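Novice: Let me give you the structure first, and then I'll get to my questions.
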Amino acid sequence: MKTLRALAAFIKRDLLIELSYRTSFVLQIGGILFSVLLWRFVTRVVDAPPSTPGLGGMDYFAYVLVGIAMYHYLSAALMSFSGKIRNEQVTGTLEAMLVTPTSIGTIVLGSSLWDFLLTSLKVVLYLLVGWIAFGVRIRPGGILPCVLILSLTVLAFSGIGILSAAFILYLKRGDPITYVIATVSALLGGVFYPPENLSPALEVCSRFLPITYALRALRGALLQGIPLAGLLPDLEALGIFVVVLVPLGVVAFRIAVRKARQEGSLVQY
């Protein structure tokens, strides 16, 4: 109960901050509409046939729409944790939070919980605009599996994000993994085109990225109507990423906090 109250307090704080910048919030919604419209026109030019390897009979616009929506989750995970830690350093509240009885895990999770809730809203808007305005066919039966897929995906991405925050906390500058992982995921993870169209070596590399399995499972559930049993290989792969990345990120963050405390550099930036 105490942890839930702490998480609710973090959400309330970030919500009030977000509402204080109403113009920014409206512009973000407008950006979603512009992005969907832009990619609609791009896919008309590309016009990849459903028989293209990796599309599995899907319309290319629907394929890309799910890809860019999911990429928002990756961006939120990579940027949110490290961004919040940097902001707390700049405003001088990080040290105050870390000396409270609240656990480090709760602080890390709570600081970024609002960003994931806002990202979830954006993803829903992407799919709604694609469905209502451009006739993207969403399979109703894929909604429940989608919840499980997104839960595992957010956890896997969060492990990377927490690791990124650990670098920020200890190095005091931009971490070396955020840009690389974001770029490689966009190029190889199936955001804009199927990994099956890459060279054999690059396709093998794509298998080491959680976004590859997240997108394949999400598209399978929402666009192809694949039942949960057919999604199990991708869900198992995401589960492995969660088991490896989340503990790695948490341990790295704890070590970074301990080192920063020992060196007296916790509030330096």
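Within each chain, counting starts at residue 1; across the structure tokens, chains are named A, B, ... in the order shown, with ligands numbered 1 upward in that order.
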Need to verify the contact set: stretch 158-166 of chain A, 8 Å, only C-alpha atoms, exclusion of same-chain residues closer than 6 positions in sequence. Can you return it as a list in words?
Specialist: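 Once the adjacent positions are removed, what remains is Ala77, Leu78, Met79, Ser80, Phe81, Ser82, Gly83, Ile85, Val108, Asp175, Ile177, Thr178, Val242, Leu245, Val246, Pro247, Leu248, Gly249, Val250, Ala252, Phe253, Arg254, Ala256 and Val257 of chain A.
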Novice: I need the residues from that last selection saved to file as a short mmCIF file (atom, residue, chain, number, x, y, z; two decimals), in the first residue's frame (with N, CA and C atoms), if you can.
Specialist:
data_model
loop_
_atom_site.label_atom_id
_atom_site.label_comp_id
_atom_site.auth_asym_id
_atom_site.auth_seq_id
_atom_site.Cartn_x
_atom_site.Cartn_y
_atom_site.Cartn_z
N ALA A 77 11.20 4.41 -22.83
CA ALA A 77 12.03 3.66 -21.90
C ALA A 77 13.46 4.16 -21.90
N LEU A 78 13.99 4.45 -23.09
CA LEU A 78 15.38 4.89 -23.18
C LEU A 78 15.58 6.29 -22.64
N MET A 79 14.62 7.18 -22.89
CA MET A 79 14.80 8.58 -22.52
C MET A 79 14.21 8.93 -21.16
N SER A 80 13.15 8.25 -20.76
CA SER A 80 12.42 8.67 -19.58
C SER A 80 13.23 8.50 -18.30
N PHE A 81 13.77 7.31 -18.08
CA PHE A 81 14.49 7.06 -16.82
C PHE A 81 15.69 7.99 -16.68
N SER A 82 16.50 8.05 -17.73
CA SER A 82 17.69 8.90 -17.66
C SER A 82 17.31 10.37 -17.61
N GLY A 83 16.25 10.75 -18.37
CA GLY A 83 15.81 12.14 -18.36
C GLY A 83 15.29 12.57 -17.00
N ILE A 85 16.11 11.23 -14.07
CA ILE A 85 17.23 11.29 -13.14
C ILE A 85 18.01 12.58 -13.34
N VAL A 108 12.69 4.85 -9.03
CA VAL A 108 12.98 4.72 -10.46
C VAL A 108 11.70 4.48 -11.24
N ASP A 175 24.74 8.97 -21.74
CA ASP A 175 25.24 7.60 -21.66
C ASP A 175 25.54 7.08 -23.05
N ILE A 177 24.76 4.22 -24.49
CA ILE A 177 23.94 3.15 -25.05
C ILE A 177 22.63 3.64 -25.68
N THR A 178 22.13 4.79 -25.22
CA THR A 178 20.80 5.23 -25.67
C THR A 178 20.73 5.41 -27.17
N VAL A 242 13.24 -9.75 -20.43
CA VAL A 242 12.83 -9.17 -19.14
C VAL A 242 13.69 -9.73 -18.00
N LEU A 245 17.36 -8.22 -18.61
CA LEU A 245 17.59 -6.79 -18.65
C LEU A 245 17.13 -6.05 -17.40
N VAL A 246 15.99 -6.43 -16.83
CA VAL A 246 15.48 -5.70 -15.66
C VAL A 246 16.42 -5.86 -14.45
N PRO A 247 16.80 -7.08 -14.07
CA PRO A 247 17.75 -7.19 -12.95
C PRO A 247 19.09 -6.51 -13.25
N LEU A 248 19.55 -6.61 -14.51
CA LEU A 248 20.80 -5.95 -14.89
C LEU A 248 20.71 -4.45 -14.70
N GLY A 249 19.60 -3.86 -15.15
CA GLY A 249 19.41 -2.43 -15.00
C GLY A 249 19.32 -1.99 -13.55
N VAL A 250 18.56 -2.74 -12.74
CA VAL A 250 18.39 -2.39 -11.32
C VAL A 250 19.72 -2.50 -10.58
N ALA A 252 22.74 -2.33 -11.86
CA ALA A 252 23.62 -1.25 -12.33
C ALA A 252 23.25 0.08 -11.69
N PHE A 253 21.96 0.34 -11.53
CA PHE A 253 21.53 1.60 -10.92
C PHE A 253 21.91 1.65 -9.44
N ARG A 254 21.75 0.53 -8.74
CA ARG A 254 22.15 0.49 -7.33
C ARG A 254 23.65 0.74 -7.18
N ALA A 256 25.53 2.40 -9.27
CA ALA A 256 25.79 3.80 -9.60
C ALA A 256 25.45 4.72 -8.44
N VAL A 257 24.34 4.44 -7.74
CA VAL A 257 23.96 5.24 -6.57
C VAL A 257 25.00 5.09 -5.46
#
Novice: Contacts of A:Leu152 at 12 Å or less, counting only C-alpha atoms, minus same-chain residues fewer than 6 places along, as a PDB file with N, CA, C and O atoms, in the first residue's frame?
Specialist:
ATOM      1  N   TYR A  73       7.287   3.458 -27.334  1.00  0.00           N
ATOM      2  CA  TYR A  73       7.577   2.785 -26.067  1.00  0.00           C
ATOM      3  C   TYR A  73       9.087   2.663 -25.854  1.00  0.00           C
ATOM      4  O   TYR A  73       9.593   2.881 -24.754  1.00  0.00           O
ATOM      5  N   PRO A 145      -4.412 -10.272 -25.881  1.00  0.00           N
ATOM      6  CA  PRO A 145      -3.001 -10.647 -26.018  1.00  0.00           C
ATOM      7  C   PRO A 145      -2.081  -9.439 -26.112  1.00  0.00           C
ATOM      8  O   PRO A 145      -0.943  -9.478 -25.647  1.00  0.00           O
ATOM      9  N   CYS A 146      -2.616  -8.354 -26.688  1.00  0.00           N
ATOM     10  CA  CYS A 146      -1.827  -7.128 -26.829  1.00  0.00           C
ATOM     11  C   CYS A 146      -1.420  -6.584 -25.457  1.00  0.00           C
ATOM     12  O   CYS A 146      -0.311  -6.059 -25.297  1.00  0.00           O
ATOM     13  N   SER A 158      12.266  -1.192 -20.285  1.00  0.00           N
ATOM     14  CA  SER A 158      12.599  -0.480 -19.047  1.00  0.00           C
ATOM     15  C   SER A 158      13.948  -0.925 -18.498  1.00  0.00           C
ATOM     16  O   SER A 158      14.678  -0.116 -17.909  1.00  0.00           O
ATOM     17  N   GLY A 159      14.278  -2.213 -18.671  1.00  0.00           N
ATOM     18  CA  GLY A 159      15.584  -2.676 -18.232  1.00  0.00           C
ATOM     19  C   GLY A 159      16.700  -1.896 -18.907  1.00  0.00           C
ATOM     20  O   GLY A 159      17.688  -1.499 -18.264  1.00  0.00           O
ATOM     21  N   PRO A 210      14.908  -6.716 -28.411  1.00  0.00           N
ATOM     22  CA  PRO A 210      13.553  -7.036 -27.933  1.00  0.00           C
ATOM     23  C   PRO A 210      12.453  -6.460 -28.809  1.00  0.00           C
ATOM     24  O   PRO A 210      11.370  -7.035 -28.905  1.00  0.00           O
ATOM     25  N   ILE A 211      12.721  -5.336 -29.484  1.00  0.00           N
ATOM     26  CA  ILE A 211      11.675  -4.715 -30.299  1.00  0.00           C
ATOM     27  C   ILE A 211      11.280  -5.608 -31.469  1.00  0.00           C
ATOM     28  O   ILE A 211      10.132  -5.567 -31.934  1.00  0.00           O
ATOM     29  N   TYR A 213      10.851  -8.896 -31.505  1.00  0.00           N
ATOM     30  CA  TYR A 213       9.843  -9.855 -31.049  1.00  0.00           C
ATOM     31  C   TYR A 213       8.562  -9.132 -30.624  1.00  0.00           C
ATOM     32  O   TYR A 213       7.459  -9.650 -30.840  1.00  0.00           O
ATOM     33  N   ALA A 214       8.706  -7.943 -30.028  1.00  0.00           N
ATOM     34  CA  ALA A 214       7.533  -7.179 -29.607  1.00  0.00           C
ATOM     35  C   ALA A 214       6.681  -6.793 -30.810  1.00  0.00           C
ATOM     36  O   ALA A 214       5.447  -6.946 -30.791  1.00  0.00           O
ATOM     37  N   LEU A 215       7.323  -6.316 -31.863  1.00  0.00           N
ATOM     38  CA  LEU A 215       6.576  -5.899 -33.050  1.00  0.00           C
ATOM     39  C   LEU A 215       5.941  -7.082 -33.764  1.00  0.00           C
ATOM     40  O   LEU A 215       4.795  -7.004 -34.216  1.00  0.00           O
ATOM     41  N   ALA A 217       4.981  -9.910 -32.467  1.00  0.00           N
ATOM     42  CA  ALA A 217       3.851 -10.396 -31.674  1.00  0.00           C
ATOM     43  C   ALA A 217       2.676  -9.431 -31.741  1.00  0.00           C
ATOM     44  O   ALA A 217       1.517  -9.847 -31.878  1.00  0.00           O
ATOM     45  N   LEU A 218       2.960  -8.145 -31.653  1.00  0.00           N
ATOM     46  CA  LEU A 218       1.886  -7.148 -31.663  1.00  0.00           C
ATOM     47  C   LEU A 218       1.170  -7.122 -33.007  1.00  0.00           C
ATOM     48  O   LEU A 218      -0.065  -7.076 -33.066  1.00  0.00           O
ATOM     49  N   ASP A 234       7.429 -15.647 -29.519  1.00  0.00           N
ATOM     50  CA  ASP A 234       7.840 -14.253 -29.333  1.00  0.00           C
ATOM     51  C   ASP A 234       7.670 -13.818 -27.882  1.00  0.00           C
ATOM     52  O   ASP A 234       8.493 -13.061 -27.352  1.00  0.00           O
ATOM     53  N   LEU A 235       6.617 -14.275 -27.223  1.00  0.00           N
ATOM     54  CA  LEU A 235       6.412 -13.931 -25.814  1.00  0.00           C
ATOM     55  C   LEU A 235       7.510 -14.533 -24.937  1.00  0.00           C
ATOM     56  O   LEU A 235       7.979 -13.893 -23.987  1.00  0.00           O
ATOM     57  N   GLU A 236       7.919 -15.761 -25.268  1.00  0.00           N
ATOM     58  CA  GLU A 236       9.001 -16.380 -24.504  1.00  0.00           C
ATOM     59  C   GLU A 236      10.301 -15.609 -24.683  1.00  0.00           C
ATOM     60  O   GLU A 236      11.071 -15.425 -23.722  1.00  0.00           O
ATOM     61  N   ALA A 237      10.559 -15.140 -25.905  1.00  0.00           N
ATOM     62  CA  ALA A 237      11.767 -14.351 -26.154  1.00  0.00           C
ATOM     63  C   ALA A 237      11.729 -13.048 -25.357  1.00  0.00           C
ATOM     64  O   ALA A 237      12.734 -12.647 -24.746  1.00  0.00           O
ATOM     65  N   LEU A 238      10.560 -12.390 -25.338  1.00  0.00           N
ATOM     66  CA  LEU A 238      10.423 -11.165 -24.545  1.00  0.00           C
ATOM     67  C   LEU A 238      10.620 -11.446 -23.062  1.00  0.00           C
ATOM     68  O   LEU A 238      11.232 -10.651 -22.335  1.00  0.00           O
ATOM     69  N   GLY A 239      10.107 -12.591 -22.597  1.00  0.00           N
ATOM     70  CA  GLY A 239      10.288 -12.972 -21.205  1.00  0.00           C
ATOM     71  C   GLY A 239      11.758 -13.129 -20.846  1.00  0.00           C
ATOM     72  O   GLY A 239      12.195 -12.734 -19.754  1.00  0.00           O
ATOM     73  N   ILE A 240      12.531 -13.694 -21.760  1.00  0.00           N
ATOM     74  CA  ILE A 240      13.971 -13.851 -21.523  1.00  0.00           C
ATOM     75  C   ILE A 240      14.643 -12.477 -21.416  1.00  0.00           C
ATOM     76  O   ILE A 240      15.491 -12.255 -20.537  1.00  0.00           O
ATOM     77  N   PHE A 241      14.254 -11.558 -22.303  1.00  0.00           N
ATOM     78  CA  PHE A 241      14.810 -10.205 -22.232  1.00  0.00           C
ATOM     79  C   PHE A 241      14.472  -9.548 -20.894  1.00  0.00           C
ATOM     80  O   PHE A 241      15.314  -8.859 -20.296  1.00  0.00           O
ATOM     81  N   VAL A 242      13.244  -9.747 -20.426  1.00  0.00           N
ATOM     82  CA  VAL A 242      12.833  -9.168 -19.144  1.00  0.00           C
ATOM     83  C   VAL A 242      13.687  -9.734 -18.004  1.00  0.00           C
ATOM     84  O   VAL A 242      14.198  -8.988 -17.159  1.00  0.00           O
ATOM     85  N   VAL A 243      13.835 -11.062 -17.988  1.00  0.00           N
ATOM     86  CA  VAL A 243      14.597 -11.726 -16.915  1.00  0.00           C
ATOM     87  C   VAL A 243      16.053 -11.254 -16.897  1.00  0.00           C
ATOM     88  O   VAL A 243      16.664 -11.139 -15.833  1.00  0.00           O
ATOM     89  N   LEU A 245      17.356  -8.225 -18.613  1.00  0.00           N
ATOM     90  CA  LEU A 245      17.589  -6.790 -18.653  1.00  0.00           C
ATOM     91  C   LEU A 245      17.134  -6.052 -17.397  1.00  0.00           C
ATOM     92  O   LEU A 245      17.813  -5.120 -16.943  1.00  0.00           O
ATOM     93  N   VAL A 246      15.986  -6.435 -16.829  1.00  0.00           N
ATOM     94  CA  VAL A 246      15.483  -5.704 -15.657  1.00  0.00           C
ATOM     95  C   VAL A 246      16.417  -5.858 -14.453  1.00  0.00           C
ATOM     96  O   VAL A 246      16.827  -4.852 -13.859  1.00  0.00           O
TER      97      VAL A 246
END
Novice: Do you have the atom CA of A:Leu128-atom CA of A:Ser75 distance handy?
Specialist: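 If I compute the distance from atom CA of A:Leu128 to atom CA of A:Ser75, I get 20.5 Å.
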Novice: Determine, using only C-alpha atoms, which residues of stretch 175-244 of chain A have any atom at most 6 Å from an atom of stretch 53-70 of chain A, and tabulate each with its shortest atom pair and distance in Å to one decimal place, rows ordered by chain and then rising number, as a tab-separated table.
Specialist:
residue	atom	partner	partner_atom	distance
A:Val191	CA	A:Gly67	CA	4.2
A:Phe192	CA	A:Val64	CA	5.4
A:Pro194	CA	A:Gly54	CA	5.0
A:Glu196	CA	A:Gly54	CA	5.5
Novice: So what do you get for atom CA of A:Ala8 versus atom CA of A:Lys84, distance-wise?
Specialist: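 Calculated distance between atom CA of A:Ala8 and atom CA of A:Lys84 is 16.4 Å.
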Novice: Could you go through stretch 93-254 of chain A and tell me which residues DSSP, when run on the backbone, assigns to helix (DSSP H, G or I), listing them as a PyMOL selection string?
Specialist: chain A and resi 94-98+104-134+140-171+178-188+195-197+200-206+210-222+228-254
Novice: Tell me, in Å to one decimal, how far atom CA of A:Ser112 is from atom CA of A:Lys259.
Specialist: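 Those two atoms sit 22.6 Å apart.
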Novice: Restricting the calculation to only C-alpha atoms, which member of A:Leu198, A:Val123, A:Val204, A:Leu232 is positioned closest to A:Leu33?
Specialist: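 Nearest to A:Leu33: A:Val123.
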